[in-house]
$ cat entry23.cif   # mmCIF, C-alpha atoms
data_data
#
loop_
_atom_site.label_atom_id
_atom_site.label_comp_id
_atom_site.auth_asym_id
_atom_site.auth_seq_id
_atom_site.Cartn_x
_atom_site.Cartn_y
_atom_site.Cartn_z
CA MET D 25 12.17 -13.70 23.58
CA LEU D 26 13.39 -16.27 21.08
CA GLY D 27 15.78 -13.72 19.60
CA GLY D 28 17.21 -12.83 22.98
CA LEU D 29 16.14 -9.20 22.64
CA LEU D 30 13.85 -9.48 25.67
CA GLU D 31 14.16 -11.53 28.82
CA ASN D 32 12.39 -14.88 28.69
CA ARG D 33 10.12 -14.51 31.71
CA TRP D 34 8.97 -18.11 31.41
CA ARG D 35 12.54 -19.29 32.06
CA SER D 36 11.95 -22.00 29.49
CA LEU D 37 12.92 -22.02 25.85
CA ALA D 38 10.43 -24.81 25.13
CA ARG D 39 7.50 -22.73 26.43
CA ALA D 40 8.63 -19.70 24.43
CA LEU D 41 8.90 -21.86 21.30
CA ALA D 42 5.43 -23.33 21.86
CA PHE D 43 3.84 -19.92 22.42
CA PHE D 44 5.51 -18.45 19.32
CA ALA D 45 4.54 -21.44 17.17
CA VAL D 46 0.86 -21.34 18.19
CA VAL D 47 0.55 -17.59 17.58
CA PHE D 48 2.42 -17.74 14.27
CA ALA D 49 0.32 -20.69 13.05
CA ALA D 50 -2.86 -18.80 14.01
CA VAL D 51 -1.76 -15.86 11.85
CA TRP D 52 -1.28 -18.16 8.87
CA LEU D 53 -4.74 -19.62 9.42
CA SER D 54 -6.39 -16.21 9.62
CA ASP D 55 -5.08 -14.39 6.54
CA VAL D 56 -2.39 -15.31 4.00
CA PRO D 57 -1.23 -11.75 3.06
CA ALA D 58 -0.97 -10.85 6.76
CA ALA D 59 0.92 -14.10 7.36
CA ILE D 60 3.46 -13.28 4.65
CA VAL D 61 3.97 -9.80 6.10
CA THR D 62 4.42 -11.37 9.54
CA SER D 63 6.85 -13.96 8.18
CA TYR D 64 9.13 -11.36 6.62
CA SER D 65 8.92 -9.21 9.76
CA VAL D 66 9.82 -12.14 12.01
CA ALA D 67 12.71 -13.13 9.73
CA LEU D 68 13.97 -9.54 9.87
CA ILE D 69 13.80 -9.50 13.68
CA PHE D 70 15.70 -12.79 14.04
CA THR D 71 18.36 -11.66 11.57
CA TRP D 72 18.73 -8.34 13.39
CA ALA D 73 19.01 -10.14 16.74
CA ALA D 74 21.71 -12.44 15.37
CA ALA D 75 23.68 -9.48 14.00
CA GLN D 76 23.37 -7.57 17.29
CA GLN D 77 24.44 -10.53 19.42
CA LYS D 78 27.00 -11.78 16.89
CA SER D 79 25.59 -15.23 17.39
CA LEU D 80 23.59 -17.76 15.39
CA ARG D 81 21.51 -18.67 18.43
CA PRO D 82 18.61 -16.29 17.52
CA LEU D 83 18.49 -17.74 14.00
CA TRP D 84 18.50 -21.28 15.38
CA ALA D 85 15.74 -20.55 17.91
CA GLY D 86 13.73 -18.69 15.31
CA GLY D 87 14.13 -21.48 12.78
CA VAL D 88 12.93 -24.07 15.28
CA GLY D 89 9.93 -21.90 16.17
CA LEU D 90 9.03 -21.40 12.51
CA ALA D 91 9.40 -25.10 11.76
CA LEU D 92 7.12 -25.97 14.67
CA ALA D 93 4.57 -23.36 13.55
CA PHE D 94 4.52 -24.63 9.97
CA GLY D 95 4.24 -28.16 11.30
CA LEU D 96 1.17 -27.22 13.31
CA ASN D 97 -0.29 -25.56 10.24
CA SER D 98 0.70 -28.28 7.77
CA PHE D 99 -2.90 -29.49 7.37
CA HIS D 100 -3.65 -26.10 5.81
CA LEU D 101 -0.38 -25.26 4.04
CA LEU D 102 0.25 -28.57 2.28
CA PRO D 103 -3.03 -28.51 0.28
CA VAL D 104 -2.42 -24.87 -0.59
CA LEU D 105 1.10 -25.61 -1.85
CA LEU D 106 -0.08 -28.62 -3.84
CA GLU D 107 -2.98 -26.74 -5.46
CA GLN D 108 -1.41 -23.30 -5.90
CA HIS D 109 -1.14 -23.84 -9.68
CA TRP D 110 -4.90 -23.34 -9.83
CA ALA D 111 -4.55 -19.67 -8.93
CA SER D 112 -2.12 -17.04 -10.15
CA VAL D 113 -1.80 -13.84 -8.16
CA GLU D 114 -0.07 -12.18 -11.09
CA HIS D 115 -3.26 -12.60 -13.13
CA LEU D 116 -5.47 -11.39 -10.30
CA LEU D 117 -3.56 -8.16 -9.72
CA PRO D 118 -4.72 -6.30 -12.87
CA ALA D 119 -8.40 -6.93 -12.08
CA ARG D 120 -10.39 -3.71 -11.86
CA ASP D 121 -13.40 -4.83 -9.89
CA LEU D 122 -11.91 -4.27 -6.44
CA LEU D 123 -10.23 -0.88 -6.50
CA ALA D 124 -10.24 2.15 -8.75
CA PRO D 125 -8.29 2.93 -10.87
CA GLY D 126 -7.26 -0.72 -10.53
CA ASN D 127 -5.48 -2.94 -8.07
CA LEU D 128 -2.22 -3.20 -9.95
CA LEU D 129 0.70 -3.53 -7.57
CA SER D 130 2.31 -0.42 -9.05
CA ASN D 131 -0.87 1.58 -8.38
CA ASN D 132 -0.85 0.99 -4.64
CA PHE D 133 2.41 2.39 -3.37
CA LEU D 134 2.09 5.38 -1.07
CA PHE D 135 0.91 8.55 -2.81
CA TYR D 136 0.75 6.94 -6.26
CA SER D 137 -1.85 9.34 -7.69
CA GLU D 138 -0.76 12.00 -10.14
CA PRO D 139 -0.56 15.59 -8.76
CA ALA D 140 -3.26 16.75 -11.19
CA GLU D 141 -5.74 14.35 -9.61
CA LEU D 142 -5.29 15.73 -6.12
CA PRO D 143 -6.90 18.76 -4.43
CA THR D 144 -4.75 21.84 -4.02
CA GLN D 145 -6.34 23.24 -0.88
CA GLY D 146 -6.73 21.72 2.56
CA TRP D 147 -10.51 22.18 2.70
CA ASN D 148 -10.85 20.46 -0.67
CA LEU D 149 -8.84 17.55 0.66
CA LEU D 150 -11.09 17.27 3.71
CA THR D 151 -14.17 17.47 1.50
CA ARG D 152 -12.92 14.66 -0.71
CA ILE D 153 -12.15 12.51 2.32
CA VAL D 154 -15.65 12.94 3.75
CA SER D 155 -17.32 12.50 0.35
CA ASN D 156 -15.46 9.25 -0.33
CA ALA D 157 -13.77 10.78 -3.38
CA LEU D 158 -10.15 10.30 -2.32
CA PRO D 159 -8.11 7.55 -4.05
CA ILE D 160 -7.56 4.43 -1.94
CA ASP D 161 -3.79 4.85 -2.05
CA TRP D 162 -4.14 8.35 -0.60
CA ILE D 163 -6.37 7.13 2.21
CA ALA D 164 -3.80 4.47 3.10
CA SER D 165 -0.96 6.94 2.59
CA ASN D 166 -2.38 9.48 5.02
CA VAL D 167 -2.94 6.77 7.62
CA ALA D 168 0.67 5.63 7.16
CA ILE D 169 1.99 9.18 7.53
CA LEU D 170 -0.10 9.69 10.68
CA LEU D 171 1.25 6.49 12.22
CA LEU D 172 4.81 7.31 11.20
CA ALA D 173 4.66 10.84 12.64
CA THR D 174 3.34 9.46 15.94
CA ILE D 175 6.07 6.80 15.96
CA ILE D 176 8.80 9.39 15.47
CA VAL D 177 7.61 11.77 18.19
CA ALA D 178 6.63 9.06 20.69
CA GLY D 179 9.85 7.19 19.93
CA ILE D 180 11.92 10.24 20.86
CA VAL D 181 9.97 10.64 24.10
CA VAL D 182 10.38 6.97 25.03
CA TYR D 183 14.08 6.90 24.13
CA ARG D 184 14.81 9.95 26.27
CA ARG D 185 13.09 8.15 29.12
CA ILE D 186 14.92 4.82 28.85
CA ALA D 187 18.30 6.35 27.95
CA LYS D 188 18.60 7.70 31.50
CA GLU D 189 18.16 4.26 33.05
CA GLU D 190 21.11 1.91 32.70
CA ARG D 191 19.07 -1.14 33.69
CA LYS D 192 16.69 -0.71 30.76
CA GLU D 193 19.00 -2.35 28.23
CA ASP D 194 16.27 -4.76 27.10
CA LEU D 195 13.94 -1.82 26.41
CA LYS D 196 16.66 -0.14 24.38
CA ARG D 197 16.98 -3.27 22.26
CA LEU D 198 13.20 -3.33 21.83
CA TRP D 199 13.25 0.35 20.83
CA ARG D 200 15.82 -0.39 18.11
CA VAL D 201 13.74 -3.27 16.76
CA LEU D 202 10.63 -1.07 16.62
CA LEU D 203 12.63 1.58 14.77
CA LEU D 204 13.90 -1.05 12.32
CA LEU D 205 10.39 -2.36 11.63
CA SER D 206 9.13 1.19 11.08
CA VAL D 207 11.87 2.02 8.59
CA VAL D 208 11.53 -1.23 6.65
CA ALA D 209 7.71 -1.11 6.55
CA THR D 210 7.78 2.49 5.31
CA PHE D 211 10.33 1.69 2.62
CA VAL D 212 8.43 -1.39 1.37
CA MET D 213 5.29 0.74 0.91
CA MET D 214 7.12 3.19 -1.38
CA ARG D 215 7.85 2.92 -5.08
CA PRO D 216 11.69 2.45 -4.82
CA SER D 217 11.03 -0.95 -3.23
CA TRP D 218 9.48 -2.39 -6.42
CA ILE D 219 12.58 -4.54 -7.06
CA PHE D 220 11.95 -6.44 -3.81
CA TRP D 221 8.31 -6.99 -4.71
CA LYS D 222 9.43 -8.48 -7.99
CA TYR D 223 12.04 -10.93 -6.72
CA LEU D 224 11.42 -11.80 -3.05
CA PRO D 225 9.52 -15.11 -2.71
CA LYS D 226 5.73 -14.76 -2.46
CA LEU D 227 5.93 -11.08 -1.52
CA VAL D 228 3.65 -10.25 -4.44
CA VAL D 229 0.89 -12.36 -2.83
CA ILE D 230 0.40 -9.46 -0.39
CA GLN D 231 -0.94 -7.59 -3.47
CA PHE D 232 -1.10 -4.12 -1.91
CA PRO D 233 2.07 -2.53 -0.48
CA TRP D 234 0.02 -0.44 1.95
CA ARG D 235 -0.86 -3.62 3.81
CA TRP D 236 2.46 -3.13 5.59
CA ILE D 237 0.65 -0.45 7.58
CA GLY D 238 -0.18 -3.35 9.89
CA VAL D 239 3.53 -3.57 10.76
CA LEU D 240 3.67 0.19 11.41
CA ALA D 241 0.76 -0.23 13.81
CA VAL D 242 2.89 -2.36 16.16
CA PRO D 243 5.59 0.30 16.88
CA TYR D 244 2.82 2.91 16.93
CA ALA D 245 0.89 1.10 19.68
CA ILE D 246 3.93 0.19 21.80
CA LEU D 247 5.68 3.56 21.60
CA LEU D 248 2.47 5.52 22.14
CA ALA D 249 1.74 3.40 25.22
CA GLY D 250 5.29 4.03 26.41
CA ALA D 251 4.84 7.78 25.97
CA VAL D 252 1.54 7.69 27.86
CA GLY D 253 3.32 5.88 30.70
CA CYS D 254 5.79 8.71 31.20
CA ARG D 255 5.46 10.44 34.56
CA ARG D 256 5.74 13.87 33.02
CA GLY D 257 3.25 14.75 30.33
CA GLY D 258 1.81 11.26 30.08
CA TRP D 259 -1.75 12.59 30.22
CA ILE D 260 -1.03 14.81 27.23
CA TRP D 261 -0.06 11.75 25.20
CA GLY D 262 -3.19 10.00 26.41
CA VAL D 263 -5.38 12.82 25.12
CA ALA D 264 -3.38 13.01 21.88
CA GLY D 265 -3.73 9.26 21.37
CA ILE D 266 -7.49 9.38 21.86
CA ALA D 267 -7.76 12.31 19.44
CA ILE D 268 -5.62 10.57 16.81
CA MET D 269 -7.45 7.27 17.03
CA GLY D 270 -10.88 8.86 17.28
CA GLY D 271 -10.34 11.26 14.38
CA SER D 272 -8.75 8.73 12.04
CA THR D 273 -11.36 6.10 12.85
CA THR D 274 -14.18 8.55 12.12
CA LEU D 275 -12.74 9.47 8.74
CA LEU D 276 -12.13 5.82 7.82
CA VAL D 277 -15.68 4.85 8.76
CA LEU D 278 -16.98 7.63 6.52
CA GLN D 279 -15.21 5.97 3.61
#
$ encode --input "entry23.cif" --output "structure tokens"
Amino acid sequence: MLGGLLENRWRSLARALAFFAVVFAAVWLSDVPAAIVTSYSVALIFTWAAAQQKSLRPLWAGGVGLALAFGLNSFHLLPVLLEQHWASVEHLLPARDLLAPGNLLSNNFLFYSEPAELPTQGWNLLTRIVSNALPIDWIASNVAILLLATIIVAGIVVYRRIAKEERKEDLKRLWRVLLLLSVVATFVMMRPSWIFWKYLPKLVVIQFPWRWIGVLAVPYAILLAGAVGCRRGGWIWGVAGIAIMGGSTTLLVLQ
């Protein structure tokens, strides 16, 4: 709403700013890595909105919303900023007591493991998943691929639906934003993005690139819901969604 990509149903910029600020501040209070992922995602959305509208208004509205959110959360952020010299994420990353073979940043891009370490047959792969013998990066990688495949197929279904309706321009803009988030999140989780992890401010605090799966989950949920809402074949997507979520959840719980 602040970026102008969707209609502001509250008819009030002040209410939209307040809602955004409260939600954004709550994210920062809940989990710092998730907050940094959210911050970069929000900045990307506002920049995209400004480029699409050829106007600085989305950047201005977004900046005001972020300033208000950080103001609400200042009681938490100021002490962290003042005392951050006590902790160094760069020194925490090589620790080997959390993940095997280690939680180095370079070890946690999608499909990091060497080919020799991986099973060659499908049944062996399933056995290793169930027996908790699959590397953590491969567990995250397979979840990411599952989400991405669903996003692609459901995105095509949803786009074909909204492309026929001229009045659905706001949904088309939303579809493009979801596609952008999916592409960026997938790229950041892969090894070629290491240069951004090295130089972008505080991005390394996220520690594990596969944490951007949380961003993929947003397009996944919205586009899958849009596919289920289709008049034709919606029930098929409903069954597929239940199967995907049920199967993946079962395998993750077994880990």
$ resolve_selection --input "entry23.cif" --expression "the PyMOL selection byres ((chain D and resi 246-258) around 10)" --output "mmCIF file with C-alpha atoms, in the coordinates of the input"
data_model
loop_
_atom_site.group_PDB
_atom_site.id
_atom_site.type_symbol
_atom_site.label_atom_id
_atom_site.label_comp_id
_atom_site.auth_asym_id
_atom_site.auth_seq_id
_atom_site.Cartn_x
_atom_site.Cartn_y
_atom_site.Cartn_z
ATOM 1 C CA THR D 174 3.340 9.460 15.940
ATOM 2 C CA ILE D 175 6.070 6.800 15.960
ATOM 3 C CA ILE D 176 8.800 9.390 15.470
ATOM 4 C CA VAL D 177 7.610 11.770 18.190
ATOM 5 C CA ALA D 178 6.630 9.060 20.690
ATOM 6 C CA GLY D 179 9.850 7.190 19.930
ATOM 7 C CA ILE D 180 11.920 10.240 20.860
ATOM 8 C CA VAL D 181 9.970 10.640 24.100
ATOM 9 C CA VAL D 182 10.380 6.970 25.030
ATOM 10 C CA TYR D 183 14.080 6.900 24.130
ATOM 11 C CA ARG D 185 13.090 8.150 29.120
ATOM 12 C CA ILE D 186 14.920 4.820 28.850
ATOM 13 C CA LEU D 198 13.200 -3.330 21.830
ATOM 14 C CA TRP D 199 13.250 0.350 20.830
ATOM 15 C CA LEU D 202 10.630 -1.070 16.620
ATOM 16 C CA LEU D 203 12.630 1.580 14.770
ATOM 17 C CA ALA D 241 0.760 -0.230 13.810
ATOM 18 C CA VAL D 242 2.890 -2.360 16.160
ATOM 19 C CA PRO D 243 5.590 0.300 16.880
ATOM 20 C CA TYR D 244 2.820 2.910 16.930
ATOM 21 C CA ALA D 245 0.890 1.100 19.680
ATOM 22 C CA TRP D 259 -1.750 12.590 30.220
ATOM 23 C CA ILE D 260 -1.030 14.810 27.230
ATOM 24 C CA TRP D 261 -0.060 11.750 25.200
ATOM 25 C CA GLY D 262 -3.190 10.000 26.410
ATOM 26 C CA VAL D 263 -5.380 12.820 25.120
ATOM 27 C CA ALA D 264 -3.380 13.010 21.880
ATOM 28 C CA GLY D 265 -3.730 9.260 21.370
#
$ atom_distance --input "entry23.cif" --atom1 "CA of Trp218 in chain D" --atom2 "CA of Trp52 in chain D"
24.5 Å
$ atom_distance --input "entry23.cif" --atom1 "CA of Asn97 in chain D" --atom2 "CA of Ser63 in chain D"
13.8 Å
$ closest_residue --input "entry23.cif" --among "D:Val201, D:Met214, D:Leu90, D:Val167" --to "Phe43 in chain D" --atoms "all atoms listed in the file"
D:Leu90
$ resolve_selection --input "entry23.cif" --expression "the PyMOL selection byres ((chain D and resi 46-48) around 8)" --output "ChimeraX atom specification"
/D:42-45,49-52,59,90,93,96
$ closest_residue --input "entry23.cif" --among "D:Ile60, D:Ala74, D:Ala173, D:Val88" --to "Val239 in chain D" --atoms "only C-alpha atoms"
D:Ile60
$ atom_distance --input "entry23.cif" --atom1 "CA of Leu105 in chain D" --atom2 "CA of Lys226 in chain D"
11.8 Å
$ closest_residue --input "entry23.cif" --among "D:Val212, D:Leu106, D:Leu37, D:Met269" --to "Gly86 in chain D" --atoms "only C-alpha atoms"
D:Leu37
$ closest_residue --input "entry23.cif" --among "D:Ile237, D:Leu41, D:Val208, D:Ala85" --to "Ile163 in chain D" --atoms "only C-alpha atoms"
D:Ile237
$ resolve_selection --input "entry23.cif" --expression "the PyMOL selection byres ((chain D and resi 134) around 7)" --output "ChimeraX atom specification"
/D:132-133,135-136,161-162,165,213-214,234
$ write_last_selection --input "entry23.cif" --atoms "C-alpha atoms" --output "mmCIF file, in the frame of the given file"
data_model
loop_
_atom_site.group_PDB
_atom_site.id
_atom_site.type_symbol
_atom_site.label_atom_id
_atom_site.label_comp_id
_atom_site.auth_asym_id
_atom_site.auth_seq_id
_atom_site.Cartn_x
_atom_site.Cartn_y
_atom_site.Cartn_z
ATOM 1 C CA ASN D 132 -0.850 0.990 -4.640
ATOM 2 C CA PHE D 133 2.410 2.390 -3.370
ATOM 3 C CA PHE D 135 0.910 8.550 -2.810
ATOM 4 C CA TYR D 136 0.750 6.940 -6.260
ATOM 5 C CA ASP D 161 -3.790 4.850 -2.050
ATOM 6 C CA TRP D 162 -4.140 8.350 -0.600
ATOM 7 C CA SER D 165 -0.960 6.940 2.590
ATOM 8 C CA MET D 213 5.290 0.740 0.910
ATOM 9 C CA MET D 214 7.120 3.190 -1.380
ATOM 10 C CA TRP D 234 0.020 -0.440 1.950
#
$ closest_residue --input "entry23.cif" --among "D:Ala67, D:His100, D:Val61, D:Ile169" --to "Trp84 in chain D" --atoms "all atoms listed in the file"
D:Ala67
